[in-house]
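Asker: The structure follows.
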Amino acid sequence: MKLIFLGPPGAGKGTQAERIQKAHGLVQLSTGDMLRAAVKAGTEVGKVAEKLMADGQLVPDEVVVGIIADRSQEADCANGYILDGFPRNVAQAEALDKMLAARGESLDSVLELKVDDKILLARIETRAAETEGGPRADDNADALKKRLDVYHAQTAPLVDYYTGKGLLKSVDGMKSMDEVTADIEAVLAL
Ligand code: ADP
């Protein structure tokens, strides 16, 4: 099974993807986590990504497309995976379509976590206050707001993109974490 989890920063997408992968034998492929590991390790990719990430901007499409193309072919992905944080714009979605088509594969579903913008901004402020100086250079209020802007401008159009392909399933992300997990399992028939 191949799934995409879509949702703005602070929507709980990473947490939900982690829960679902564990319970259903899938692998969570988080481009954010992979890029942070590359920054930490000081690789070429990490050098390209570091400043862009700290500013809340996207890293170049070819970088993340390459990362996903490689990682999704490793043995542990044979049973399926959840893409978390990828694709993040239409160009990445088209690259993913091409990659899967070349492999004779396809996506099963795209799960959208719907979250109210006002509440998201409040969560962002709380998260920034809690994590300032923590492991993520982009968890400060400015970078988080920038990430939310980038989400609306570049990632939100994917809702229409995947609706058009008949793949989109939406879940209310404002409920408790356990309720959201249960709703995701129900809507994906897991
Ligand atoms: P969040 O969903 O909370 O914004 P992520 O961990 O998914 O956090 O992403 C953190 C940062 O990593 C992004 O702001 C961006 O700079 C970079 N990044 C992650 N995934 C992608 C992607 N698919 N394309 C471009 N940049 C990405």
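Letters for chains follow the order of the structure tokens (A, B, ...), residue numbers begin at 1 for each chain, and ligand numbers begin at 1 in the order shown.
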Please list as a list in words every residue within 9 Å of stretch 61-77 of chain A, counting only C-alpha atoms and excluding residues in the same chain fewer than 5 positions away.
Answerer: Leu26, Val27, Leu29, Thr31, Met34, Leu35, Val45, Val48, Ala49, Leu83, Phe86, Pro87, Arg88, Asn89, Ala91, Gln92, Ala95, Leu96 and Met99 of chain A
Asker: Write out the residues from the selection above, keeping all heavy atoms, as a compact mmCIF listing (two decimals), in the first residue's frame.
Answerer:
```txt
# COMPACT_ATOMS: atom_id res chain seq x y z
N LEU A 26 3.71 -0.62 7.55
CA LEU A 26 4.18 0.27 6.48
C LEU A 26 5.43 1.00 6.97
O LEU A 26 5.77 0.92 8.15
CB LEU A 26 3.09 1.28 6.11
CG LEU A 26 1.75 0.66 5.69
CD1 LEU A 26 0.66 1.73 5.64
CD2 LEU A 26 1.88 -0.04 4.34
N VAL A 27 6.08 1.70 6.07
CA VAL A 27 7.25 2.48 6.46
C VAL A 27 6.93 3.96 6.24
O VAL A 27 6.43 4.33 5.18
CB VAL A 27 8.48 2.09 5.61
CG1 VAL A 27 9.68 2.92 5.99
CG2 VAL A 27 8.81 0.62 5.78
N LEU A 29 7.96 7.49 5.32
CA LEU A 29 9.06 8.18 4.65
C LEU A 29 8.85 9.69 4.80
O LEU A 29 8.06 10.29 4.07
CB LEU A 29 9.12 7.80 3.17
CG LEU A 29 9.28 6.30 2.85
CD1 LEU A 29 9.44 6.10 1.34
CD2 LEU A 29 10.47 5.70 3.59
N THR A 31 10.26 13.24 4.39
CA THR A 31 11.37 14.00 3.78
C THR A 31 11.97 14.99 4.77
O THR A 31 13.17 15.21 4.76
CB THR A 31 10.90 14.73 2.50
OG1 THR A 31 9.61 15.30 2.72
CG2 THR A 31 10.85 13.80 1.31
N MET A 34 14.39 13.02 6.84
CA MET A 34 15.56 12.63 6.05
C MET A 34 16.47 13.84 5.78
O MET A 34 17.69 13.73 5.84
CB MET A 34 15.12 11.97 4.74
CG MET A 34 14.47 10.61 4.98
SD MET A 34 14.10 9.77 3.44
CE MET A 34 12.35 9.77 3.44
N LEU A 35 15.84 14.99 5.53
CA LEU A 35 16.65 16.20 5.29
C LEU A 35 17.36 16.64 6.56
O LEU A 35 18.53 17.04 6.53
CB LEU A 35 15.77 17.33 4.74
CG LEU A 35 15.26 17.13 3.31
CD1 LEU A 35 14.16 18.14 2.98
CD2 LEU A 35 16.39 17.25 2.30
N VAL A 45 23.64 17.09 0.26
CA VAL A 45 22.21 17.41 0.34
C VAL A 45 21.95 18.29 1.57
O VAL A 45 21.23 19.30 1.50
CB VAL A 45 21.34 16.12 0.42
CG1 VAL A 45 19.93 16.42 0.89
CG2 VAL A 45 21.32 15.43 -0.95
N VAL A 48 22.88 21.87 0.99
CA VAL A 48 21.90 22.59 0.16
C VAL A 48 20.66 22.94 1.01
O VAL A 48 20.09 24.02 0.91
CB VAL A 48 21.45 21.71 -1.04
CG1 VAL A 48 20.31 22.37 -1.81
CG2 VAL A 48 22.64 21.44 -1.97
N ALA A 49 20.26 22.00 1.87
CA ALA A 49 18.97 22.13 2.56
C ALA A 49 19.00 23.04 3.78
O ALA A 49 17.99 23.66 4.12
CB ALA A 49 18.49 20.74 2.99
N LEU A 83 4.08 8.38 2.57
CA LEU A 83 4.86 9.58 2.28
C LEU A 83 4.36 10.70 3.19
O LEU A 83 3.18 11.06 3.16
CB LEU A 83 4.72 9.95 0.81
CG LEU A 83 5.30 8.93 -0.17
CD1 LEU A 83 4.92 9.29 -1.60
CD2 LEU A 83 6.82 8.83 -0.02
N PHE A 86 5.92 14.78 1.58
CA PHE A 86 6.21 14.70 0.15
C PHE A 86 5.01 14.05 -0.55
O PHE A 86 4.51 13.04 -0.03
CB PHE A 86 7.46 13.86 -0.09
CG PHE A 86 7.79 13.68 -1.56
CD1 PHE A 86 8.63 14.57 -2.19
CD2 PHE A 86 7.24 12.63 -2.30
CE1 PHE A 86 8.92 14.43 -3.55
CE2 PHE A 86 7.52 12.49 -3.65
CZ PHE A 86 8.36 13.39 -4.27
N PRO A 87 4.56 14.51 -1.70
CA PRO A 87 5.01 15.73 -2.39
C PRO A 87 4.49 16.99 -1.72
O PRO A 87 3.49 16.95 -1.00
CB PRO A 87 4.39 15.56 -3.78
CG PRO A 87 3.16 14.73 -3.55
CD PRO A 87 3.50 13.80 -2.43
N ARG A 88 5.17 18.08 -1.98
CA ARG A 88 4.81 19.35 -1.35
C ARG A 88 4.42 20.41 -2.37
O ARG A 88 4.13 21.54 -2.00
CB ARG A 88 6.01 19.85 -0.56
CG ARG A 88 5.73 20.02 0.92
CD ARG A 88 7.02 20.46 1.57
NE ARG A 88 6.85 20.91 2.91
CZ ARG A 88 6.97 20.13 3.98
NH1 ARG A 88 7.20 18.85 3.83
NH2 ARG A 88 6.86 20.64 5.17
N ASN A 89 4.45 20.07 -3.64
CA ASN A 89 3.95 20.98 -4.69
C ASN A 89 3.57 20.11 -5.90
O ASN A 89 3.85 18.89 -5.91
CB ASN A 89 4.99 22.06 -5.04
CG ASN A 89 6.29 21.49 -5.52
OD1 ASN A 89 6.32 20.41 -6.12
ND2 ASN A 89 7.39 22.19 -5.27
N ALA A 91 4.73 20.04 -8.95
CA ALA A 91 5.87 19.47 -9.70
C ALA A 91 6.34 18.17 -9.04
O ALA A 91 6.64 17.18 -9.72
CB ALA A 91 7.01 20.48 -9.78
N GLN A 92 6.40 18.16 -7.71
CA GLN A 92 6.81 16.94 -7.00
C GLN A 92 5.77 15.83 -7.18
O GLN A 92 6.12 14.65 -7.32
CB GLN A 92 7.02 17.21 -5.51
CG GLN A 92 8.23 18.10 -5.22
CD GLN A 92 8.41 18.39 -3.73
OE1 GLN A 92 7.87 17.70 -2.87
NE2 GLN A 92 9.21 19.42 -3.42
N ALA A 95 6.30 14.38 -10.55
CA ALA A 95 7.50 13.54 -10.56
C ALA A 95 7.22 12.19 -9.89
O ALA A 95 7.69 11.15 -10.35
CB ALA A 95 8.66 14.26 -9.85
N LEU A 96 6.43 12.23 -8.82
CA LEU A 96 6.06 10.98 -8.14
C LEU A 96 5.21 10.10 -9.05
O LEU A 96 5.44 8.88 -9.13
CB LEU A 96 5.29 11.32 -6.85
CG LEU A 96 4.74 10.13 -6.06
CD1 LEU A 96 5.88 9.24 -5.52
CD2 LEU A 96 3.85 10.61 -4.91
N MET A 99 7.51 8.49 -11.51
CA MET A 99 8.35 7.47 -10.87
C MET A 99 7.55 6.18 -10.66
O MET A 99 8.01 5.08 -10.99
CB MET A 99 8.86 7.99 -9.52
CG MET A 99 9.70 7.02 -8.74
SD MET A 99 9.92 7.55 -7.01
CE MET A 99 8.60 6.62 -6.22
```
Asker: 9 Å from ligand 1 is the threshold here; counting only C-alpha atoms and all ligand atoms, which polymer residues fall inside it? Answer as a ChimeraX atom specification.
Answerer: /A:6-14,30-36,49-65,68,84-89,92,136,138-139,143-144,146-148,150-151
Asker: Selection from above, C-alpha atoms, as a PDB file, in the first residue's frame, can you write it?
Answerer:
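Output contents, as saved in selection.pdb:
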```pdb
ATOM      1  CA  LEU A   6      -1.085  15.719   3.451  1.00  0.00           C
ATOM      2  CA  GLY A   7      -1.541  18.543   5.924  1.00  0.00           C
ATOM      3  CA  PRO A   8      -0.143  21.858   7.089  1.00  0.00           C
ATOM      4  CA  PRO A   9       2.691  22.121   9.627  1.00  0.00           C
ATOM      5  CA  GLY A  10       1.298  21.504  13.095  1.00  0.00           C
ATOM      6  CA  ALA A  11      -1.598  19.347  11.842  1.00  0.00           C
ATOM      7  CA  GLY A  12      -0.171  16.211  13.463  1.00  0.00           C
ATOM      8  CA  LYS A  13       0.616  14.527  10.157  1.00  0.00           C
ATOM      9  CA  GLY A  14       3.975  13.115  11.282  1.00  0.00           C
ATOM     10  CA  SER A  30       9.373  11.701   6.048  1.00  0.00           C
ATOM     11  CA  THR A  31      11.369  14.001   3.776  1.00  0.00           C
ATOM     12  CA  GLY A  32      11.659  16.449   6.686  1.00  0.00           C
ATOM     13  CA  ASP A  33      13.291  13.768   8.878  1.00  0.00           C
ATOM     14  CA  MET A  34      15.563  12.633   6.048  1.00  0.00           C
ATOM     15  CA  LEU A  35      16.654  16.201   5.290  1.00  0.00           C
ATOM     16  CA  ARG A  36      17.310  16.904   8.968  1.00  0.00           C
ATOM     17  CA  ALA A  49      18.969  22.130   2.563  1.00  0.00           C
ATOM     18  CA  GLU A  50      20.180  23.703   5.787  1.00  0.00           C
ATOM     19  CA  LYS A  51      19.485  27.396   5.271  1.00  0.00           C
ATOM     20  CA  LEU A  52      16.318  26.870   3.229  1.00  0.00           C
ATOM     21  CA  MET A  53      14.855  24.666   5.954  1.00  0.00           C
ATOM     22  CA  ALA A  54      15.786  27.064   8.744  1.00  0.00           C
ATOM     23  CA  ASP A  55      13.930  29.801   6.823  1.00  0.00           C
ATOM     24  CA  GLY A  56      10.848  27.634   6.289  1.00  0.00           C
ATOM     25  CA  GLN A  57      11.351  27.485   2.508  1.00  0.00           C
ATOM     26  CA  LEU A  58      11.233  24.369   0.351  1.00  0.00           C
ATOM     27  CA  VAL A  59      14.432  22.643  -0.713  1.00  0.00           C
ATOM     28  CA  PRO A  60      14.757  22.115  -4.499  1.00  0.00           C
ATOM     29  CA  ASP A  61      12.374  19.567  -6.034  1.00  0.00           C
ATOM     30  CA  GLU A  62      15.149  17.473  -7.624  1.00  0.00           C
ATOM     31  CA  VAL A  63      16.729  16.948  -4.204  1.00  0.00           C
ATOM     32  CA  VAL A  64      13.607  15.566  -2.516  1.00  0.00           C
ATOM     33  CA  VAL A  65      12.460  13.655  -5.598  1.00  0.00           C
ATOM     34  CA  ILE A  68      12.264   9.535  -2.328  1.00  0.00           C
ATOM     35  CA  ASP A  84       4.933  12.258   4.980  1.00  0.00           C
ATOM     36  CA  GLY A  85       5.886  15.751   3.784  1.00  0.00           C
ATOM     37  CA  PHE A  86       6.209  14.700   0.151  1.00  0.00           C
ATOM     38  CA  PRO A  87       5.009  15.725  -2.393  1.00  0.00           C
ATOM     39  CA  ARG A  88       4.814  19.351  -1.353  1.00  0.00           C
ATOM     40  CA  ASN A  89       3.946  20.977  -4.687  1.00  0.00           C
ATOM     41  CA  GLN A  92       6.812  16.935  -7.000  1.00  0.00           C
ATOM     42  CA  ARG A 136      14.649  21.915  14.894  1.00  0.00           C
ATOM     43  CA  ASP A 138      12.711  25.935  11.937  1.00  0.00           C
ATOM     44  CA  ASP A 139      10.520  25.675  15.043  1.00  0.00           C
ATOM     45  CA  ALA A 143       9.741  30.041  10.249  1.00  0.00           C
ATOM     46  CA  LEU A 144       6.543  28.244  11.255  1.00  0.00           C
ATOM     47  CA  LYS A 146       6.479  30.948   6.669  1.00  0.00           C
ATOM     48  CA  ARG A 147       5.930  27.167   6.444  1.00  0.00           C
ATOM     49  CA  LEU A 148       2.184  27.739   6.781  1.00  0.00           C
ATOM     50  CA  VAL A 150       4.295  27.958   1.776  1.00  0.00           C
ATOM     51  CA  TYR A 151       1.744  25.236   2.548  1.00  0.00           C
TER      52      TYR A 151
END
```
Asker: Nearest residue to A:Ala186 out of A:Ile20, A:Ala153, A:Ala102, A:Ala141, using only C-alpha atoms?
Answerer: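 For A:Ala186, the nearest of the candidates is A:Ile20.
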Asker: Hey, can you check how far atom CA of A:Val159 sits from atom CA of A:Lys114?
Answerer: 10.6 Å
Asker: I want to know what sits within 7 Å of A:Gln28, based on only C-alpha atoms, with residues of the same chain fewer than 6 positions away left out; could you give that as number ranges by chain?
Answerer: A: 17-18, 21, 81-84
Asker: Excluding A:Glu185 and its own-chain neighbours fewer than 2 positions away, which residues fall within 12 Å of it when counting only C-alpha atoms? Please give them as an MDAnalysis selection string.
Answerer: chainID A and resid 16:17 19:21 23:24 109 111 169:171 178:183 187:190
Asker: Going by DSSP on the backbone, which residues of stretch 115-187 of chain A come out as alpha helix (DSSP H)? List them as a ChimeraX atom specification.
Answerer: /A:117-131,141-150,157-164,177-187
Asker: Would you compute the distance between atom CA of A:Ala37 and atom CA of A:Leu120? Give it in Å to one decimal.
Answerer: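 Spanning atom CA of A:Ala37 to atom CA of A:Leu120 is a straight-line distance of 26.1 Å.
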Asker: If you run DSSP on this backbone, which residues of chain A come out as strand (DSSP E or B), and could you give them as a list in words?
Answerer: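 Residues of chain A classed as strand (DSSP E or B): Lys2, Leu3, Ile4, Phe5, Leu6, Val27, Gln28, Leu29, Ser30, Tyr81, Ile82, Leu83, Asp84, Ser109, Val110, Leu111, Glu112, Leu113, Lys114, Leu168, Lys169, Ser170, Val171 and Asp172 of chain A.
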Asker: Name the closest residue to A:Lys2 among the candidates A:Ala38, A:Val90, A:Ile124, A:Leu167; distances are taken between atoms, counting only C-alpha atoms.
Answerer: A:Leu167
